[in-house]
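Asker: Pasting a structure below so you can have a look.
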Amino acid sequence: MNVVFAVALAMLLASTSLCLVRLIRPGTLADKILALDTILIIVVVGIALSAAQTGSDVYLNALFVVSLVAFISSVTVARFIETRRDLKR
Amino acid sequence: MTLLVDVTSATLLLLGGALVLIASIGLLRFHTVLARTHPATKAVTVGAVLVILAAAVRIPDNGATFKLLLAALLQLVTAPIAAHMIGRAAYRANTRMREHLTVDHLGEALDGGTFGDDGSAERERSR
């Protein structure tokens with residue numbers, strides 16, 4: 001069972017690095033918003049993973065907070081970039 | 001009983017982790033911004049829901065199970081809203097994207113109106 005947790009954590013690590021590559025690559029602002037939102041959801045998945053591994057429920061409030069902050073911030077930044085001209089592409 | 005819990009949670013964890021990995025690969029490989037919203041919101045959300053379900057299966061506390069199910073429901077509900085907002089913002093912020101679109105219902109609905117350089121909504125003169 002520990003092997004399963006290690007494999008899942010390695011998959012999350014690879015996903016985060018791929019999202020970071022998308023964040024750093026030159027592109028539009030919407031690319032960066034998407035990458036950051038995906039990274040925050042991966043953080044939520046990581047918290048759920050550690051809650052499954054240890055069996056304790058102390059992390060679940062943090063899970064709620066991170067998912068709410070990810071949603072609110074991506075919607076807010078999307079609203080912000082609507083009202084300015086994007087200079088790339 | 002413990003074996004059933006272990007097998008179920010292991011399956012859900014591996015499926016969810018694989019989905020998140022596939023979603024981030026898609027986020028890297030798709031060519032346009034609007035296309036990238038597909039893996040970044042849909043696949044990641046389903047992967048997150050699967051892993052949260054795996055945690056809900058493993059944790060013995062009933063209140064924690066309810067909280068985790070609520071968190072999964074929250075992810076499912078907020079994902080389309082975020083996808084819609086990001087897609088609409090990407091469409092409005094990049095005017096040169098519209099030449100590449102095959103079907104453009106939002107452009108017809110806007111009727112050429114867009115946000116000008118001074119930040120106020122104005123109609124485009126040449127379309």
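Residues in the structure tokens are numbered from 1 in each chain, the chains being A, B, ... in the order shown, and ligands are numbered from 1 in the order shown.
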Give me the residues near range 47-58 of chain B as a PyMOL selection string, where near means some atom within 6 Å (using only C-alpha atoms) and where sequence neighbours in that chain fewer than 5 positions away do not count.
Answerer: (chain A and resi 45+48+52) or (chain B and resi 9+12-13+16+19-20+65+68+72)
Asker: Given the selection you just returned, output its residues as a file containing all heavy atoms, formatted as a short mmCIF file (atom, residue, chain, number, x, y, z; two decimals), in the first residue's frame.
Answerer:
```cif
data_model
loop_
_atom_site.label_atom_id
_atom_site.label_comp_id
_atom_site.auth_asym_id
_atom_site.auth_seq_id
_atom_site.Cartn_x
_atom_site.Cartn_y
_atom_site.Cartn_z
N VAL A 45 -5.19 17.70 -4.41
CA VAL A 45 -5.06 16.24 -4.55
C VAL A 45 -3.99 15.71 -3.61
O VAL A 45 -4.13 14.66 -3.00
CB VAL A 45 -4.75 15.90 -6.01
CG1 VAL A 45 -4.40 14.44 -6.16
CG2 VAL A 45 -5.93 16.21 -6.89
N ALA A 48 -5.39 15.51 -0.12
CA ALA A 48 -6.26 14.33 0.02
C ALA A 48 -5.44 13.06 0.10
O ALA A 48 -5.77 12.12 0.84
CB ALA A 48 -7.25 14.27 -1.14
N ALA A 52 -5.37 10.39 3.11
CA ALA A 52 -5.62 8.96 2.93
C ALA A 52 -4.50 8.14 3.52
O ALA A 52 -4.72 7.05 4.07
CB ALA A 52 -5.78 8.65 1.45
N SER B 9 -9.26 1.75 -2.61
CA SER B 9 -8.56 3.04 -2.53
C SER B 9 -7.32 3.04 -3.40
O SER B 9 -6.97 4.08 -3.99
CB SER B 9 -8.20 3.36 -1.09
OG SER B 9 -7.36 2.37 -0.57
N LEU B 12 -8.55 3.67 -6.98
CA LEU B 12 -8.98 5.07 -7.17
C LEU B 12 -7.78 6.01 -7.16
O LEU B 12 -7.72 6.97 -7.94
CB LEU B 12 -9.95 5.46 -6.06
CG LEU B 12 -11.35 4.88 -6.18
CD1 LEU B 12 -12.16 5.20 -4.95
CD2 LEU B 12 -12.05 5.43 -7.40
N LEU B 13 -6.81 5.75 -6.29
CA LEU B 13 -5.63 6.61 -6.22
C LEU B 13 -4.82 6.56 -7.51
O LEU B 13 -4.41 7.60 -8.04
CB LEU B 13 -4.73 6.17 -5.07
CG LEU B 13 -5.00 6.76 -3.71
CD1 LEU B 13 -4.08 6.15 -2.70
CD2 LEU B 13 -4.80 8.25 -3.74
N GLY B 16 -6.78 8.24 -10.34
CA GLY B 16 -6.79 9.70 -10.19
C GLY B 16 -5.44 10.32 -10.48
O GLY B 16 -5.34 11.35 -11.16
N LEU B 19 -4.85 10.28 -14.20
CA LEU B 19 -5.65 11.31 -14.88
C LEU B 19 -5.03 12.69 -14.71
O LEU B 19 -4.99 13.49 -15.66
CB LEU B 19 -7.07 11.32 -14.35
CG LEU B 19 -8.11 10.73 -15.27
CD1 LEU B 19 -9.46 10.81 -14.63
CD2 LEU B 19 -8.12 11.45 -16.59
N VAL B 20 -4.54 12.99 -13.52
CA VAL B 20 -3.91 14.30 -13.29
C VAL B 20 -2.65 14.42 -14.14
O VAL B 20 -2.38 15.47 -14.74
CB VAL B 20 -3.62 14.48 -11.79
CG1 VAL B 20 -2.72 15.65 -11.55
CG2 VAL B 20 -4.91 14.66 -11.04
N THR B 65 -15.47 11.75 6.25
CA THR B 65 -15.99 11.25 4.97
C THR B 65 -16.97 12.23 4.37
O THR B 65 -16.93 12.51 3.16
CB THR B 65 -16.67 9.88 5.19
OG1 THR B 65 -15.77 9.02 5.85
CG2 THR B 65 -17.09 9.30 3.88
N LEU B 68 -15.09 15.18 2.96
CA LEU B 68 -14.40 14.88 1.70
C LEU B 68 -15.38 14.80 0.55
O LEU B 68 -15.08 15.27 -0.56
CB LEU B 68 -13.63 13.57 1.83
CG LEU B 68 -12.31 13.69 2.58
CD1 LEU B 68 -11.75 12.34 2.87
CD2 LEU B 68 -11.34 14.50 1.77
N ALA B 72 -15.33 17.06 -2.86
CA ALA B 72 -15.42 16.54 -4.23
C ALA B 72 -16.55 17.22 -4.99
O ALA B 72 -16.40 17.59 -6.16
CB ALA B 72 -15.63 15.02 -4.21
#
```
Asker: Determine, using only C-alpha atoms, which residues of chain A have any atom at most 7 Å from an atom of chain B, and tabulate each with its shortest atom pair and distance in Å to one decimal place, rows ordered by chain and then rising number, as JSON lines.
Answerer:
```
{"residue": "A:Val4", "atom": "CA", "partner": "B:Ala10", "partner_atom": "CA", "distance": 6.3}
{"residue": "A:Ala8", "atom": "CA", "partner": "B:Gly17", "partner_atom": "CA", "distance": 5.3}
{"residue": "A:Met11", "atom": "CA", "partner": "B:Gly17", "partner_atom": "CA", "distance": 5.8}
{"residue": "A:Leu12", "atom": "CA", "partner": "B:Gly17", "partner_atom": "CA", "distance": 6.4}
{"residue": "A:Ala14", "atom": "CA", "partner": "B:Leu21", "partner_atom": "CA", "distance": 7.0}
{"residue": "A:Ser15", "atom": "CA", "partner": "B:Leu21", "partner_atom": "CA", "distance": 4.9}
{"residue": "A:Leu18", "atom": "CA", "partner": "B:Ser24", "partner_atom": "CA", "distance": 6.0}
{"residue": "A:Cys19", "atom": "CA", "partner": "B:Ser24", "partner_atom": "CA", "distance": 5.9}
{"residue": "A:Arg22", "atom": "CA", "partner": "B:Leu28", "partner_atom": "CA", "distance": 5.7}
{"residue": "A:Ala30", "atom": "CA", "partner": "B:Ala90", "partner_atom": "CA", "distance": 5.5}
{"residue": "A:Asp31", "atom": "CA", "partner": "B:Val33", "partner_atom": "CA", "distance": 6.2}
{"residue": "A:Leu34", "atom": "CA", "partner": "B:Ala40", "partner_atom": "CA", "distance": 6.5}
{"residue": "A:Thr38", "atom": "CA", "partner": "B:Ala40", "partner_atom": "CA", "distance": 6.1}
{"residue": "A:Val45", "atom": "CA", "partner": "B:Ala48", "partner_atom": "CA", "distance": 5.5}
{"residue": "A:Ala48", "atom": "CA", "partner": "B:Ile52", "partner_atom": "CA", "distance": 5.6}
{"residue": "A:Leu49", "atom": "CA", "partner": "B:Ala55", "partner_atom": "CA", "distance": 6.6}
{"residue": "A:Ala51", "atom": "CA", "partner": "B:Ala55", "partner_atom": "CA", "distance": 6.4}
{"residue": "A:Ala52", "atom": "CA", "partner": "B:Ala55", "partner_atom": "CA", "distance": 4.3}
{"residue": "A:Gly55", "atom": "CA", "partner": "B:Ile59", "partner_atom": "CA", "distance": 5.0}
{"residue": "A:Ser56", "atom": "CA", "partner": "B:Ile59", "partner_atom": "CA", "distance": 6.9}
{"residue": "A:Asp57", "atom": "CA", "partner": "B:Ala64", "partner_atom": "CA", "distance": 6.0}
{"residue": "A:Phe64", "atom": "CA", "partner": "B:Ala71", "partner_atom": "CA", "distance": 6.4}
{"residue": "A:Phe71", "atom": "CA", "partner": "B:Ala82", "partner_atom": "CA", "distance": 6.6}
{"residue": "A:Ser74", "atom": "CA", "partner": "B:Ala82", "partner_atom": "CA", "distance": 6.7}
{"residue": "A:Val75", "atom": "CA", "partner": "B:Ala82", "partner_atom": "CA", "distance": 5.8}
{"residue": "A:Ala78", "atom": "CA", "partner": "B:Ile86", "partner_atom": "CA", "distance": 5.3}
{"residue": "A:Arg79", "atom": "CA", "partner": "B:Ala89", "partner_atom": "CA", "distance": 6.6}
{"residue": "A:Ile81", "atom": "CA", "partner": "B:Ala89", "partner_atom": "CA", "distance": 6.3}
{"residue": "A:Glu82", "atom": "CA", "partner": "B:Ala89", "partner_atom": "CA", "distance": 4.8}
{"residue": "A:Thr83", "atom": "CA", "partner": "B:Gly119", "partner_atom": "CA", "distance": 6.0}
{"residue": "A:Arg84", "atom": "CA", "partner": "B:Gly119", "partner_atom": "CA", "distance": 6.4}
{"residue": "A:Arg85", "atom": "CA", "partner": "B:Ala93", "partner_atom": "CA", "distance": 5.4}
{"residue": "A:Asp86", "atom": "CA", "partner": "B:Ala93", "partner_atom": "CA", "distance": 5.2}
{"residue": "A:Arg89", "atom": "CA", "partner": "B:Arg96", "partner_atom": "CA", "distance": 6.2}
```
Asker: I'd like the interatomic distance between CA of Val5 in chain B and CA of Ser67 in chain A, to a tenth of an Å.
Answerer: 26.1 Å
Asker: Out of A:Leu36, A:Leu29, A:Leu20, A:Ala10, which residue has the shortest atom-to-atom distance to Ser73 in chain A when counting only C-alpha atoms?
Answerer: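 The closest residue to Ser73 in chain A is A:Leu36.
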Asker: Could you tell me how far CA of Gly46 in chain A lies from CA of Leu13 in chain A, in Å and to one decimal?
Answerer: 9.4 Å
Asker: Residues of chain A classed as helix (DSSP H, G or I) by DSSP on the backbone are to be reported as JSON, numbers by chain.
Answerer: {"A": [2, 3, 4, 5, 6, 7, 8, 9, 10, 11, 12, 13, 14, 15, 16, 17, 18, 19, 20, 21, 22, 23, 24, 29, 30, 31, 32, 33, 34, 35, 36, 37, 38, 39, 40, 41, 42, 43, 44, 45, 46, 47, 48, 49, 50, 51, 52, 53, 54, 60, 61, 62, 63, 64, 65, 66, 67, 68, 69, 70, 71, 72, 73, 74, 75, 76, 77, 78, 79, 80, 81, 82]}
Asker: At what distance in Å, to one decimal, does CA of Gly107 in chain B lie from CA of Lys32 in chain A?
Answerer: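 CA of Lys32 in chain A sits 23.7 Å away from CA of Gly107 in chain B.
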